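Below is one structure; the comments refer to it alone.
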Amino acid sequence: MDKLKSVLSGEEARRDDRTILEFSFQTVNEATSLGWGTRVKGFVACFVVGGACTVLGVCMLFLPRVGLTLFIVFYTFGNICVLCSTMFLMGPVKQLKRMCDKTRALATTIMITCLVLTLCAAFWWKNFGLALLFCILQILSFSWYSLSYIPFVREAILKLVAMCIK
């Protein structure tokens with residue numbers, strides 16, 4: 001049916017004019033792309049796993065000796081899952097391009113840096129105070145990054161903070 005639509009709309013003639021590379025890229029892209037229902041299911045599943053890991057990490061915080069380490073691991077893994085969940089909706093390439101937009105580049109850099117530094121502080125440096133600091137910075141940077149997808153919210157927050165400081 002799609003083939004018939006493309007022939008009737010003239011897309012087939014335009015396809016023949018393209019180079020082999022463009023045709024191959026589009027063919028691969030069409031063959032590997034997910035349907036909308038599958039994308040939504042993937043998003044929900046990944047988001048729920050991320051949220052569950054975050055909640056589980058908070059619950060683990062109260063365990064003696066290993067609680068802080070488990071919190072850091074589960075919380076960081078939860079953030080990574082929630083970040084990856086949006087890739088189901090937009091696609092990985094588009095998501096990565098949006099993450100590197102000039103409005104999000106700083107928040108993305110800080111967020112990814114804090115994710116890595118949290119794990120380094122917990123496992124390599126064994127400094128849990130520093131790991132908690134990076135965890136708090138994860139929360140703030142992930143929130144700032146997420147707010148960048150809602151138009152004018154970050155500007156409103158900056159104006160509100162400026163009004164409170166005066």
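Each chain in the structure tokens gets a letter, A, B, ..., in the order shown, and its residues are numbered from 1; ligands are numbered from 1 in order too.
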Could you pull the residues within 10 Å of Ile80 of chain A, counting only C-alpha atoms, minus those fewer than 3 positions along the same chain, as a list in words?
Cys46, Phe47, Gly50, Phe74, Tyr75, Thr76, Phe77, Leu83, Cys84, Ser85, Ile112 and Leu115 of chain A
Selection file, C-alpha atoms, as a compact mmCIF listing (two decimals), in the first residue's frame:
# COMPACT_ATOMS: atom_id res chain seq x y z
CA CYS A 46 12.14 2.79 30.32
CA PHE A 47 10.61 5.68 32.27
CA GLY A 50 14.07 4.65 35.79
CA PHE A 74 20.26 3.03 41.69
CA TYR A 75 19.71 6.78 41.52
CA THR A 76 22.27 7.27 38.75
CA PHE A 77 20.97 4.26 36.80
CA LEU A 83 17.08 10.12 29.94
CA CYS A 84 17.13 7.17 27.53
CA SER A 85 13.35 6.87 27.66
CA ILE A 112 26.48 13.91 32.20
CA LEU A 115 26.48 11.28 36.47
Near-Leu140 of chain A list (12 Å; only C-alpha atoms; drop same-chain fewer than 2 positions) as a ChimeraX atom specification:
/A:79,107-108,110-111,114-115,133-138,142-147
Write out, as a JSON list (two decimals), in the first residue's frame, the residues just selected, with N, CA, C and O atoms.
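Final output, part-v2.json:
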[["chain", "number", "residue", "atom", "x", "y", "z"],
["A", 79, "ASN", "N", 18.37, 7.77, 36.60],
["A", 79, "ASN", "CA", 18.47, 8.98, 35.76],
["A", 79, "ASN", "C", 18.85, 8.63, 34.33],
["A", 79, "ASN", "O", 18.32, 9.22, 33.38],
["A", 107, "ALA", "N", 23.55, 22.51, 30.31],
["A", 107, "ALA", "CA", 22.84, 21.61, 31.23],
["A", 107, "ALA", "C", 23.16, 20.15, 30.93],
["A", 107, "ALA", "O", 23.35, 19.34, 31.85],
["A", 108, "THR", "N", 23.26, 19.80, 29.66],
["A", 108, "THR", "CA", 23.61, 18.43, 29.27],
["A", 108, "THR", "C", 25.00, 18.07, 29.74],
["A", 108, "THR", "O", 25.23, 16.99, 30.30],
["A", 110, "ILE", "N", 26.79, 19.43, 32.19],
["A", 110, "ILE", "CA", 26.83, 19.33, 33.65],
["A", 110, "ILE", "C", 26.14, 18.04, 34.12],
["A", 110, "ILE", "O", 26.65, 17.35, 35.00],
["A", 111, "MET", "N", 25.01, 17.71, 33.51],
["A", 111, "MET", "CA", 24.28, 16.52, 33.90],
["A", 111, "MET", "C", 25.11, 15.26, 33.67],
["A", 111, "MET", "O", 25.24, 14.42, 34.58],
["A", 114, "CYS", "N", 28.09, 15.15, 36.04],
["A", 114, "CYS", "CA", 27.67, 14.77, 37.40],
["A", 114, "CYS", "C", 27.34, 13.30, 37.51],
["A", 114, "CYS", "O", 27.64, 12.67, 38.54],
["A", 115, "LEU", "N", 26.75, 12.71, 36.47],
["A", 115, "LEU", "CA", 26.48, 11.28, 36.47],
["A", 115, "LEU", "C", 27.78, 10.49, 36.62],
["A", 115, "LEU", "O", 27.89, 9.59, 37.46],
["A", 133, "LEU", "N", 27.08, 15.19, 47.04],
["A", 133, "LEU", "CA", 27.09, 16.51, 46.41],
["A", 133, "LEU", "C", 26.83, 16.38, 44.91],
["A", 133, "LEU", "O", 26.00, 17.10, 44.35],
["A", 134, "PHE", "N", 27.51, 15.42, 44.27],
["A", 134, "PHE", "CA", 27.30, 15.22, 42.84],
["A", 134, "PHE", "C", 25.89, 14.70, 42.55],
["A", 134, "PHE", "O", 25.31, 15.00, 41.51],
["A", 135, "CYS", "N", 25.34, 13.96, 43.48],
["A", 135, "CYS", "CA", 23.97, 13.46, 43.33],
["A", 135, "CYS", "C", 22.98, 14.64, 43.37],
["A", 135, "CYS", "O", 22.03, 14.69, 42.58],
["A", 136, "ILE", "N", 23.22, 15.56, 44.27],
["A", 136, "ILE", "CA", 22.37, 16.76, 44.34],
["A", 136, "ILE", "C", 22.52, 17.58, 43.07],
["A", 136, "ILE", "O", 21.54, 18.09, 42.51],
["A", 137, "LEU", "N", 23.75, 17.69, 42.58],
["A", 137, "LEU", "CA", 23.97, 18.40, 41.31],
["A", 137, "LEU", "C", 23.30, 17.68, 40.15],
["A", 137, "LEU", "O", 22.84, 18.32, 39.20],
["A", 138, "GLN", "N", 23.24, 16.35, 40.22],
["A", 138, "GLN", "CA", 22.51, 15.57, 39.21],
["A", 138, "GLN", "C", 21.05, 15.99, 39.19],
["A", 138, "GLN", "O", 20.46, 16.21, 38.12],
["A", 142, "PHE", "N", 19.58, 17.81, 35.98],
["A", 142, "PHE", "CA", 18.57, 17.06, 35.25],
["A", 142, "PHE", "C", 17.25, 17.84, 35.22],
["A", 142, "PHE", "O", 16.56, 17.85, 34.20],
["A", 143, "SER", "N", 16.94, 18.50, 36.32],
["A", 143, "SER", "CA", 15.72, 19.33, 36.36],
["A", 143, "SER", "C", 15.84, 20.50, 35.39],
["A", 143, "SER", "O", 14.90, 20.79, 34.64],
["A", 144, "TRP", "N", 16.99, 21.17, 35.39],
["A", 144, "TRP", "CA", 17.20, 22.31, 34.50],
["A", 144, "TRP", "C", 17.16, 21.86, 33.04],
["A", 144, "TRP", "O", 16.58, 22.53, 32.19],
["A", 145, "TYR", "N", 17.75, 20.72, 32.77],
["A", 145, "TYR", "CA", 17.73, 20.15, 31.42],
["A", 145, "TYR", "C", 16.28, 19.82, 31.01],
["A", 145, "TYR", "O", 15.86, 20.15, 29.90],
["A", 146, "SER", "N", 15.53, 19.19, 31.88],
["A", 146, "SER", "CA", 14.15, 18.82, 31.57],
["A", 146, "SER", "C", 13.27, 20.04, 31.34],
["A", 146, "SER", "O", 12.40, 20.04, 30.46],
["A", 147, "LEU", "N", 13.50, 21.08, 32.12],
["A", 147, "LEU", "CA", 12.70, 22.31, 31.97],
["A", 147, "LEU", "C", 12.97, 23.01, 30.63],
["A", 147, "LEU", "O", 12.15, 23.81, 30.19]]
Helix (DSSP H, G or I) positions in segment 11-151 of chain A, given as a PyMOL selection string:
chain A and resi 11-17+20-32+36-60+67-90+92-99+105-124+128-147
In Å, how far is it from atom CA of Met90 of chain A to atom CA of Gly51 of chain A?
19.7 Å
Between atom CA of Leu89 of chain A and atom CA of Gly37 of chain A, what is the distance in Å, rounded to a tenth?
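Calculated distance between atom CA of Leu89 of chain A and atom CA of Gly37 of chain A is 10.0 Å.
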Exercise: Ala131 of chain A partners within 6 Å, only C-alpha atoms, chain neighbours under 3 positions left out, as an MDAnalysis selection string:
chainID A and resid 118 121:122 128 134
Restricting the calculation to only C-alpha atoms, which member of A:Val153, A:Leu158, A:Ile72, A:Val48 is positioned closest to Val116 of chain A?
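Among A:Val153, A:Leu158, A:Ile72, A:Val48, it is A:Ile72 that comes nearest to Val116 of chain A.
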One decimal place gives the atom CA of Phe62 of chain A-atom CA of Val49 of chain A separation as 20.9 Å
Pick from A:Lys166, A:Ser148, A:Leu61, A:Leu106, whichever lies nearest to Leu132 of chain A using only C-alpha atoms
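So, comparing all the options, the nearest one is A:Leu61.
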